[in-house]
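Participant: This is the structure, below, for whatever I ask next.
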Amino acid sequence: MDDNSNNRESPQSTEEPIASLGKAGGGGSLESAASGGTSHSEEKKALPPLKPASTWTSLSLKELKAKMRQEKDSVVNVYRGDIMTVHVPTDPEAKRVCWEFATDGYDIGFGVYFDWSPVTSRAITVHISESSDDEDEDDELGEGPVVPGDVEKGSKAVADSNLGEILPVYRQDSHLAVQGGSHEFPGDGTYLLKFDNSYSLWRNKTLYYRVYYSA
């Protein structure tokens, strides 16, 4: 049931982020303006396209964990049933956001989204939410239709009209290898990095992570 290693891996890339440390977050919601004379059911304006993220893995688990233990707030517990979202706004002095993370003993779900709403703060913020899904996960992953909110199959419903999906939430083998990646800023907005433990009924996850900017 919980914490099996039948994870689907994100497409891998040899591109590694260039370290240029800096933390930043925040972002509000933007009401979509209805054009005059249109019906309430008219489709909302399409969001700009988002480039795919560059992702990679590394076996340097011990090195990353040792380094993260020396940094404040870089080691956290994501409790069973919870989703931790790191809000990272774009920075005018950088061109991309980068991330690295690992866990102890068990996997964790991870996905990246982009909020096009105007940035109101340049501080990185962390939000914890409980899963609203009360569904049991099966050990065997079938090839059936994707169910919204199913971390096993990489699906995540995006209800906010200002959110664009960069990486759907998949369970990652972060207990076996460091999971890293980067994404070039598509414009002004806020990245949402989701660490999803909502599928876990019993286990809390110890997460080692860092987020930084690159020129």
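Chain identifiers are assigned as A, B, and so on, following the order in which chains appear in the structure tokens; residues are numbered from 1 within each chain, and ligands are numbered from 1 in order of appearance.
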Pick out the residues sitting within 8 Å of Gly189 (chain A), and hand them over as a ChimeraX atom specification; count only C-alpha atoms, and ignore anything fewer than 6 positions along from it in its own chain.
Facilitator: /A:27,89-90,114-119
Participant: Write the selection just made, keeping N, CA and C atoms, as a tab-separated table (two decimals), in the first residue's frame?
Facilitator:
```
chain	number	residue	atom	x	y	z
A	27	GLY	N	2.89	35.16	-3.50
A	27	GLY	CA	2.09	35.22	-4.72
A	27	GLY	C	0.64	35.15	-4.36
A	89	PRO	N	9.04	32.82	-5.68
A	89	PRO	CA	8.79	33.82	-6.73
A	89	PRO	C	9.98	33.95	-7.66
A	90	THR	N	9.73	34.41	-8.87
A	90	THR	CA	10.83	34.69	-9.78
A	90	THR	C	11.64	35.87	-9.24
A	114	PHE	N	3.40	26.63	-11.83
A	114	PHE	CA	3.75	28.05	-11.92
A	114	PHE	C	2.49	28.90	-11.83
A	115	ASP	N	2.51	29.85	-10.90
A	115	ASP	CA	1.38	30.76	-10.69
A	115	ASP	C	1.70	32.08	-11.38
A	116	TRP	N	0.87	32.43	-12.37
A	116	TRP	CA	1.08	33.65	-13.15
A	116	TRP	C	0.58	34.90	-12.44
A	117	SER	N	0.03	34.79	-11.26
A	117	SER	CA	-0.46	35.96	-10.54
A	117	SER	C	0.69	36.92	-10.23
A	118	PRO	N	0.42	38.22	-10.14
A	118	PRO	CA	1.47	39.19	-9.84
A	118	PRO	C	2.18	38.88	-8.53
A	119	VAL	N	3.50	39.03	-8.53
A	119	VAL	CA	4.29	38.75	-7.33
A	119	VAL	C	4.15	39.92	-6.35
```
Participant: Neighbours of Val97 (chain A) within 8 Å (only C-alpha atoms; same-chain residues fewer than 3 positions away dropped), as an mmCIF file with all heavy atoms, in the first residue's frame?
Facilitator:
```cif
data_model
loop_
_atom_site.group_PDB
_atom_site.id
_atom_site.type_symbol
_atom_site.label_atom_id
_atom_site.label_comp_id
_atom_site.auth_asym_id
_atom_site.auth_seq_id
_atom_site.Cartn_x
_atom_site.Cartn_y
_atom_site.Cartn_z
ATOM 1 N N THR A 90 9.732 34.410 -8.866
ATOM 2 C CA THR A 90 10.830 34.693 -9.784
ATOM 3 C C THR A 90 11.637 35.870 -9.238
ATOM 4 O O THR A 90 11.127 36.708 -8.494
ATOM 5 C CB THR A 90 10.292 35.022 -11.177
ATOM 6 O OG1 THR A 90 9.307 36.078 -11.069
ATOM 7 C CG2 THR A 90 9.633 33.807 -11.809
ATOM 8 N N SER A 182 15.706 21.984 -12.688
ATOM 9 C CA SER A 182 15.695 23.435 -12.851
ATOM 10 C C SER A 182 14.662 23.806 -13.903
ATOM 11 O O SER A 182 14.236 22.969 -14.709
ATOM 12 C CB SER A 182 17.082 23.951 -13.259
ATOM 13 O OG SER A 182 17.430 23.485 -14.558
ATOM 14 N N HIS A 183 14.262 25.080 -13.883
ATOM 15 C CA HIS A 183 13.300 25.562 -14.867
ATOM 16 C C HIS A 183 13.561 27.033 -15.152
ATOM 17 O O HIS A 183 13.753 27.840 -14.233
ATOM 18 C CB HIS A 183 11.869 25.389 -14.370
ATOM 19 C CG HIS A 183 10.840 25.639 -15.424
ATOM 20 N ND1 HIS A 183 10.187 26.846 -15.562
ATOM 21 C CD2 HIS A 183 10.369 24.834 -16.425
ATOM 22 C CE1 HIS A 183 9.348 26.775 -16.586
ATOM 23 N NE2 HIS A 183 9.435 25.573 -17.118
ATOM 24 N N GLU A 184 13.579 27.370 -16.433
ATOM 25 C CA GLU A 184 13.810 28.748 -16.845
ATOM 26 C C GLU A 184 12.545 29.578 -16.624
ATOM 27 O O GLU A 184 11.439 29.143 -16.967
ATOM 28 C CB GLU A 184 14.203 28.783 -18.318
ATOM 29 C CG GLU A 184 14.547 30.165 -18.841
ATOM 30 C CD GLU A 184 14.967 30.128 -20.304
ATOM 31 O OE1 GLU A 184 15.251 29.019 -20.819
ATOM 32 O OE2 GLU A 184 15.002 31.209 -20.924
ATOM 33 N N PHE A 185 12.706 30.767 -16.053
ATOM 34 C CA PHE A 185 11.554 31.620 -15.785
ATOM 35 C C PHE A 185 10.761 31.875 -17.068
ATOM 36 O O PHE A 185 11.323 32.333 -18.066
ATOM 37 C CB PHE A 185 11.997 32.980 -15.235
ATOM 38 C CG PHE A 185 12.707 32.925 -13.911
ATOM 39 C CD1 PHE A 185 13.458 34.008 -13.468
ATOM 40 C CD2 PHE A 185 12.623 31.812 -13.097
ATOM 41 C CE1 PHE A 185 14.105 33.978 -12.254
ATOM 42 C CE2 PHE A 185 13.271 31.757 -11.875
ATOM 43 C CZ PHE A 185 14.020 32.857 -11.451
ATOM 44 N N VAL A 211 16.315 25.059 -2.398
ATOM 45 C CA VAL A 211 15.831 25.757 -3.590
ATOM 46 C C VAL A 211 16.723 26.967 -3.779
ATOM 47 O O VAL A 211 17.025 27.676 -2.823
ATOM 48 C CB VAL A 211 14.367 26.199 -3.434
ATOM 49 C CG1 VAL A 211 13.889 26.933 -4.668
ATOM 50 C CG2 VAL A 211 13.469 25.005 -3.148
ATOM 51 N N TYR A 212 17.176 27.184 -5.023
ATOM 52 C CA TYR A 212 18.061 28.323 -5.263
ATOM 53 C C TYR A 212 17.888 28.821 -6.699
ATOM 54 O O TYR A 212 17.256 28.179 -7.523
ATOM 55 C CB TYR A 212 19.523 27.956 -4.990
ATOM 56 C CG TYR A 212 20.033 26.744 -5.720
ATOM 57 C CD1 TYR A 212 20.789 26.872 -6.898
ATOM 58 C CD2 TYR A 212 19.782 25.457 -5.239
ATOM 59 C CE1 TYR A 212 21.269 25.756 -7.549
ATOM 60 C CE2 TYR A 212 20.268 24.346 -5.888
ATOM 61 C CZ TYR A 212 21.001 24.493 -7.046
ATOM 62 O OH TYR A 212 21.490 23.394 -7.710
ATOM 63 N N TYR A 213 18.447 29.995 -6.931
ATOM 64 C CA TYR A 213 18.354 30.630 -8.243
ATOM 65 C C TYR A 213 19.636 30.451 -9.029
ATOM 66 O O TYR A 213 20.706 30.261 -8.473
ATOM 67 C CB TYR A 213 18.076 32.132 -8.105
ATOM 68 C CG TYR A 213 16.756 32.455 -7.450
ATOM 69 C CD1 TYR A 213 16.724 33.110 -6.220
ATOM 70 C CD2 TYR A 213 15.549 32.115 -8.049
ATOM 71 C CE1 TYR A 213 15.523 33.429 -5.617
ATOM 72 C CE2 TYR A 213 14.345 32.430 -7.454
ATOM 73 C CZ TYR A 213 14.327 33.077 -6.234
ATOM 74 O OH TYR A 213 13.136 33.379 -5.638
ATOM 75 N N SER A 214 19.507 30.544 -10.341
ATOM 76 C CA SER A 214 20.659 30.454 -11.235
ATOM 77 C C SER A 214 20.544 31.542 -12.298
ATOM 78 O O SER A 214 19.464 31.839 -12.777
ATOM 79 C CB SER A 214 20.691 29.069 -11.900
ATOM 80 O OG SER A 214 21.670 29.044 -12.919
#
```
Participant: Env of Ile128 (chain A): 7 Å cut, atoms = only C-alpha atoms, seq-sep filter 4 positions within chain, self excluded. Answer as a PyMOL selection string.
Facilitator: chain A and resi 82-85
Participant: Kindly save the residues from that selection, with all heavy atoms included, as a CSV table (one decimal), in the first residue's frame.
Facilitator:
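Below is the file part.csv, written as the result:
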```csv
chain,number,residue,atom,x,y,z
A,82,ASP,N,-0.1,14.8,4.5
A,82,ASP,CA,0.1,16.3,4.3
A,82,ASP,C,0.8,16.5,3.0
A,82,ASP,O,1.5,15.7,2.4
A,82,ASP,CB,1.0,16.9,5.4
A,82,ASP,CG,0.2,17.1,6.7
A,82,ASP,OD1,-1.0,16.9,6.7
A,82,ASP,OD2,0.8,17.6,7.7
A,83,ILE,N,0.6,17.8,2.5
A,83,ILE,CA,1.3,18.3,1.3
A,83,ILE,C,2.0,19.5,1.7
A,83,ILE,O,1.4,20.5,2.2
A,83,ILE,CB,0.3,18.6,0.2
A,83,ILE,CG1,-0.4,17.3,-0.2
A,83,ILE,CG2,1.1,19.1,-1.0
A,83,ILE,CD1,-1.6,17.6,-1.2
A,84,MET,N,3.3,19.6,1.5
A,84,MET,CA,4.1,20.8,1.7
A,84,MET,C,4.4,21.5,0.4
A,84,MET,O,5.0,20.9,-0.5
A,84,MET,CB,5.4,20.4,2.4
A,84,MET,CG,6.2,21.7,2.8
A,84,MET,SD,7.8,21.3,3.6
A,84,MET,CE,8.9,21.3,2.2
A,85,THR,N,4.0,22.7,0.3
A,85,THR,CA,4.2,23.5,-0.9
A,85,THR,C,5.1,24.7,-0.6
A,85,THR,O,4.9,25.5,0.3
A,85,THR,CB,2.9,24.1,-1.4
A,85,THR,OG1,1.9,23.0,-1.6
A,85,THR,CG2,3.1,24.8,-2.8
```
Participant: Could you tell me how far CA of Arg80 (chain A) lies from CA of Lys205 (chain A), in Å and to one decimal?
Facilitator: 7.5 Å
Participant: Determine, counting only C-alpha atoms, which protein, DNA and RNA residues have an atom within 10 Å of an atom of Lys67 (chain A); residues of the same chain fewer than 6 positions away are not included. Present the result as a count of residues only.
Facilitator: 4
Participant: Given only C-alpha atoms, how would the per-residue table for region 81-139 of chain A near region 57-65 of chain A read, listing every residue at most 10 Å away with its closest atom pair and distance in Å to one decimal, sorted by chain and number, as a Markdown table?
Facilitator:
```
| residue | atom | partner | partner_atom | distance |
| --- | --- | --- | --- | --- |
| A:Glu100 | CA | A:Leu64 | CA | 8.5 |
| A:Phe101 | CA | A:Leu64 | CA | 8.0 |
| A:Ala102 | CA | A:Leu61 | CA | 6.8 |
| A:Thr103 | CA | A:Lys65 | CA | 8.6 |
| A:Asp104 | CA | A:Lys65 | CA | 9.3 |
```
Participant: Go ahead and write the residues just picked, all heavy atoms, as a compact mmCIF listing (two decimals), in the first residue's frame.
Facilitator:
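This is the output file part-v4.txt:
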```
# COMPACT_ATOMS: atom_id res chain seq x y z
N GLU A 100 16.85 20.64 -5.30
CA GLU A 100 17.43 19.33 -5.00
C GLU A 100 16.74 18.82 -3.74
O GLU A 100 16.49 19.60 -2.81
CB GLU A 100 18.93 19.43 -4.74
CG GLU A 100 19.78 19.78 -5.94
CD GLU A 100 21.25 19.89 -5.55
OE1 GLU A 100 21.59 20.82 -4.79
OE2 GLU A 100 22.05 19.05 -6.00
N PHE A 101 16.47 17.52 -3.68
CA PHE A 101 15.88 16.99 -2.45
C PHE A 101 16.15 15.50 -2.32
O PHE A 101 16.43 14.81 -3.30
CB PHE A 101 14.37 17.28 -2.38
CG PHE A 101 13.53 16.57 -3.41
CD1 PHE A 101 12.93 15.34 -3.12
CD2 PHE A 101 13.32 17.13 -4.66
CE1 PHE A 101 12.14 14.69 -4.06
CE2 PHE A 101 12.53 16.49 -5.60
CZ PHE A 101 11.94 15.27 -5.31
N ALA A 102 16.05 15.03 -1.08
CA ALA A 102 16.22 13.60 -0.77
C ALA A 102 15.38 13.31 0.48
O ALA A 102 14.97 14.23 1.19
CB ALA A 102 17.68 13.26 -0.53
N THR A 103 15.12 12.04 0.72
CA THR A 103 14.36 11.63 1.90
C THR A 103 15.04 10.45 2.58
O THR A 103 15.89 9.79 2.00
CB THR A 103 12.92 11.24 1.51
OG1 THR A 103 12.96 10.30 0.43
CG2 THR A 103 12.10 12.45 1.10
N ASP A 104 14.62 10.19 3.81
CA ASP A 104 15.12 9.03 4.56
C ASP A 104 14.17 7.86 4.40
O ASP A 104 12.99 7.97 4.74
CB ASP A 104 15.25 9.37 6.05
CG ASP A 104 16.47 10.20 6.37
OD1 ASP A 104 17.41 10.22 5.56
OD2 ASP A 104 16.49 10.83 7.45
```
Participant: Do you have the CA of Ser174 (chain A)-CA of Pro49 (chain A) distance handy?
Facilitator: 28.5 Å
Participant: Go ahead and compute the interatomic distance for CA of Leu207 (chain A) and CA of Val75 (chain A), in Å to one decimal.
Facilitator: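 CA of Val75 (chain A) lies 5.6 Å from CA of Leu207 (chain A).
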